[in-house]
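J.: Pasting in a structure now, in C-alpha cells, and then I'll have a few things to ask.
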Amino acid sequence: MNARAAARALDALARGWDIIVDAPDGQLALRPVETGAAPEAAQPRLLISAARAITLKLANQKDAARPDAPVCIAVPGALDSALAVAIADPSLDLSRPMKGPFAAQPLPSPQAAEAAMQLARLAGLLPAYHILTEAEAEAPRVTPADVAAYADPTTLRIAARARLPVSTSDTAEIVAFRSDADFHEHVALIVGTPDDSLPVVRLHSECLTGDVLGSLKCDCGPQLHGALHAMAHAQWGILLYLRQEGRGIGLINKLRAYQLQDQGFDTVDANNRLGFPTDARDFAVAAQMLKALHVPAIRLMTNNPEKQAVLASLGVTIAERLPLQIPANPHNAHYLVTKRDRTGHQL
Ligand SMILES: Nc1nc2c(ncn2[C@@H]2O[C@H](COP(=O)(O)OP(=O)(O)OP(=O)(O)O)[C@@H](O)[C@H]2O)c(=O)[nH]1
Ligand SMILES: [Zn+2]
C-alpha cells in the first residue's frame with residue numbers, strides 16, 4: 001500500500017502520460033484518452049466503462065459474470081485523439097453521432113481495469129484509456145491497494161487556522177486540513193463561540209457553479225448561505241467545506257453531466273452514463289475533520305441519509321437532524337425532485 005504511487009499515477013494522468021496498473025489478476029499499460037495523445041497502433045484498443053459500453057451497443061458482448069466491469073473494445077481502422085474522445089465522452093454523442101460498430105474483447109485483468117477507472121475519477125478525467133502494448137519506460141506503476149491508500153482519509157490533519165470574520169458572523173475561525181497524498185485542501189469554518197452545547201454541523205460539498213457563480217441549476221449556493229445563517233443563529237456551528245466537486249467526479253466531469261442533463265437525462269442518469277457512480281463522495285473525510293476538531297457529537301444539517309449513515313458508522317453521535325430545504329426555482333425543480341425520488345433525500 002503506497003499512496004505515493006497513486007499520487008504519481010494521478011499526476012501522470014493529468015498530463016496525459018502513461019501508467020501501468022498492476023493488480024493481482026494482471027497488468028494493464030494505459031494512457032488516458034482525455035489528456036493523452038493517441039498511440040500508434042495497428043489494432044487500437046480502448047478501455048471504457050461498463051455504462052459507456054452499453055451506450056455504444058456493446059452490452060450483449062459484455063462478460064455476463066461481470067456486468068459492471070470495464071470493457072475493452074477494438075477500434076477498426078485508425079484512431080486519432082479526437083475520435084478516441086468522442087468514443088469515450090457521452091456528452092459529445094449528439095455532435096459526433098457516427099461511431100462504431102465496435103467489438104468487445106476479453107478483458108485481461110478486471111481488477112486492474114477497475115482501479116484504472118477509479119484513478120480516472122480521482123483525476124477528474126473521462127473514465128477511458130488507450131490500452132498500450134507497452135508503456136513509456138518511465139511510466140509510474142500503481143496497484144489497487146495504492147489507490148485505496150491514497151483515498152484513506154485518516155491521514156487528514158489540521159494544517160493552519162485563523163480568525164475569519166464572515167458576513168454572517170464576525171467571530172468565525174477557519175481551519176484548513178492537509179492529508180499525506182490527496183492534495184485537496186478541505187476546510188472547516190467554525191462559526192460563533194464553541195460552548196457545551198452541540199454544534200450545528202453542515203457537510204457542504206464544493207460546487208463552484210453554485211457556491212461562487214450563483215448557478216440556479218442546483219441548491220448548493222442557497223444551502224451554503226442558509227447553513228451559515230442557521231449557525232449564526234444557533235450557539236455555534238461548523239461548516240465542513242469538502243473539496244468533492246460534482247459529488248466527487250470533479251468540475252469538468254460535472255459540466256459533462258450538465259451537458260447530458262440538457263439532453264434530457266437527470267442528474268443520476270447523467271453521472272452513470274459518464275461511467276461514474278451516482279455519488280462518488282467520501283464522507284469519511286468529514287468524520288476525520290470532526291475528530292481532529294474534537295467534536296464527537298453534533299446536530300447535523302442535511303437531507304441526505306447517506307451523510308448521516310456514514311458519520312454514525314464512524315462514531316459521530318448525531319443528536320438531531322436539521323432539515324435544510326431551499327425553495328425550488330424553474331431551473332432546479334427537476335433536480336430537487338430527482339434527489340428526493342432517486343437518491344433518498346428527505347424532506
Ligand atoms: N455530478 C453532479 N454533481 C452535482 C450536480 N448538481 C450538484 N452537484 C454536486 O452535488 C454536491 C451537492 O450535493 P447535493 O446532492 O446537492 O446535496 P447533498 O450534499 O447530497 O445533501 P444535503 O445535505 O441534503 O444538501 C456538490 O458537490 C455539487 O457540485 C449534478 O447535476 N451532477
Ligand atoms: Zn451545486
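By order in the C-alpha cells, chains are A, B, ...; within a chain, residues start at 1; ligands start at 1, following the order shown.
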What are the closest atom pairs, with distances in Å to one decimal, for all residues of chain A lying within 8 Å of ligand 1? Consider only C-alpha atoms and all ligand atoms, order rows by chain and residue number, and present the result as a Markdown table.

T.:
| residue | atom | partner | partner_atom_place_in_ligand_line | distance |
| --- | --- | --- | --- | --- |
| A:Arg202 | CA | ligand 1 | 23 (O) | 7.2 |
| A:Leu203 | CA | ligand 1 | 23 (O) | 6.5 |
| A:His204 | CA | ligand 1 | 19 (O) | 5.7 |
| A:Ser205 | CA | ligand 1 | 27 (O) | 4.2 |
| A:Glu206 | CA | ligand 1 | 27 (O) | 4.6 |
| A:Cys207 | CA | ligand 1 | 29 (O) | 3.6 |
| A:Leu208 | CA | ligand 1 | 29 (O) | 6.7 |
| A:Thr209 | CA | ligand 1 | 29 (O) | 7.3 |
| A:Gly210 | CA | ligand 1 | 29 (O) | 7.3 |
| A:Lys217 | CA | ligand 1 | 6 (N) | 7.0 |
| A:Cys218 | CA | ligand 1 | 6 (N) | 5.3 |
| A:Asp219 | CA | ligand 1 | 16 (O) | 6.1 |
| A:Cys220 | CA | ligand 1 | 16 (O) | 5.8 |
| A:Gln223 | CA | ligand 1 | 25 (O) | 6.8 |
| A:Arg243 | CA | ligand 1 | 27 (O) | 7.8 |
| A:Gln244 | CA | ligand 1 | 27 (O) | 5.5 |
| A:Glu245 | CA | ligand 1 | 27 (O) | 4.1 |
| A:Gly246 | CA | ligand 1 | 3 (N) | 3.4 |
| A:Arg247 | CA | ligand 1 | 27 (O) | 4.1 |
| A:Gly248 | CA | ligand 1 | 27 (O) | 6.5 |
| A:Ile249 | CA | ligand 1 | 1 (N) | 6.1 |
| A:Gly250 | CA | ligand 1 | 1 (N) | 7.7 |
| A:Leu251 | CA | ligand 1 | 29 (O) | 7.4 |
| A:Asn253 | CA | ligand 1 | 1 (N) | 7.1 |
| A:Lys254 | CA | ligand 1 | 1 (N) | 4.6 |
| A:Leu255 | CA | ligand 1 | 32 (N) | 7.7 |
| A:Ala257 | CA | ligand 1 | 32 (N) | 5.7 |
| A:Tyr258 | CA | ligand 1 | 31 (O) | 6.0 |
| A:Gln261 | CA | ligand 1 | 31 (O) | 7.5 |
| A:Asp266 | CA | ligand 1 | 31 (O) | 7.5 |
| A:Thr267 | CA | ligand 1 | 31 (O) | 4.4 |
| A:Val268 | CA | ligand 1 | 32 (N) | 7.3 |
| A:Ala270 | CA | ligand 1 | 32 (N) | 7.3 |
| A:Asn271 | CA | ligand 1 | 1 (N) | 5.7 |
| A:Thr278 | CA | ligand 1 | 1 (N) | 7.5 |
| A:Asp279 | CA | ligand 1 | 1 (N) | 7.4 |
| A:Met301 | CA | ligand 1 | 23 (O) | 6.7 |
| A:Thr302 | CA | ligand 1 | 23 (O) | 3.7 |
| A:Asn303 | CA | ligand 1 | 24 (O) | 3.3 |
| A:Asn304 | CA | ligand 1 | 24 (O) | 4.1 |
| A:Pro305 | CA | ligand 1 | 24 (O) | 7.9 |
| A:Glu306 | CA | ligand 1 | 20 (O) | 7.9 |
| A:Lys307 | CA | ligand 1 | 23 (O) | 7.2 |
| A:Pro323 | CA | ligand 1 | 24 (O) | 7.5 |
| A:Leu324 | CA | ligand 1 | 24 (O) | 6.6 |
| A:Gln325 | CA | ligand 1 | 24 (O) | 8.0 |
| A:Tyr335 | CA | ligand 1 | 31 (O) | 7.3 |
| A:Lys339 | CA | ligand 1 | 15 (O) | 6.7 |
| A:His345 | CA | ligand 1 | 24 (O) | 6.1 |
| A:Gln346 | CA | ligand 1 | 24 (O) | 7.3 |

J.: Which neighbours of A:Gly77 fall inside 10 Å, counting only C-alpha atoms, when residues of the same chain fewer than 2 positions from it are skipped, and could you give them as a PyMOL selection string?

T.: chain A and resi 41-44+74-75+79-80

J.: Find the residues around stretch 179-186 of chain A up to 7 Å (only C-alpha atoms counted), leave out those fewer than 3 positions away in its own chain, and share them as a count of residues only.

T.: 11

J.: Name the residues of stretch 138-314 of chain A that fall into alpha helix (DSSP H) according to DSSP on the backbone, using the chain letters and numbers of this document, as a ChimeraX atom specification.

T.: /A:144-150,220-233,245-248,251-262,267-273,284-292,305-313

J.: Enumerate, in order of chain and increasing residue number, the residues of stretch 238-327 of chain A with an atom no farther than 9 Å from stretch 46-50 of chain A, each with its shortest atom pair and distance in Å to one decimal, counting only C-alpha atoms, as a Markdown table.

T.:
| residue | atom | partner | partner_atom | distance |
| --- | --- | --- | --- | --- |
| A:Leu274 | CA | A:Ser49 | CA | 8.1 |
| A:Gly275 | CA | A:Ser49 | CA | 5.3 |
| A:Phe276 | CA | A:Ser49 | CA | 8.3 |

J.: Using N, CA and C atoms, can you write the selected residues to a file as a PDB file, in the first residue's frame?

T.:
ATOM      1  N   LEU A 274     -21.911   8.701 -17.838  1.00  0.00           N
ATOM      2  CA  LEU A 274     -20.493   9.070 -17.984  1.00  0.00           C
ATOM      3  C   LEU A 274     -19.567   7.966 -17.470  1.00  0.00           C
ATOM      4  N   GLY A 275     -20.146   6.963 -16.790  1.00  0.00           N
ATOM      5  CA  GLY A 275     -19.324   5.876 -16.258  1.00  0.00           C
ATOM      6  C   GLY A 275     -18.941   6.067 -14.802  1.00  0.00           C
ATOM      7  N   PHE A 276     -19.679   6.937 -14.107  1.00  0.00           N
ATOM      8  CA  PHE A 276     -19.382   7.204 -12.694  1.00  0.00           C
ATOM      9  C   PHE A 276     -20.531   6.737 -11.810  1.00  0.00           C
TER      10      PHE A 276
END

J.: Please list as number ranges by chain every residue within 12 Å of A:Val310, counting only C-alpha atoms and excluding residues in the same chain fewer than 2 positions away.

T.: A: 203, 281-288, 304-308, 312-318

J.: Give me, please, the distance in Å between atom CA of A:Pro296 and atom CA of A:Arg178, quoted to one decimal.

T.: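 Computed distance, atom CA of A:Pro296 to atom CA of A:Arg178, equals 20.3 Å.
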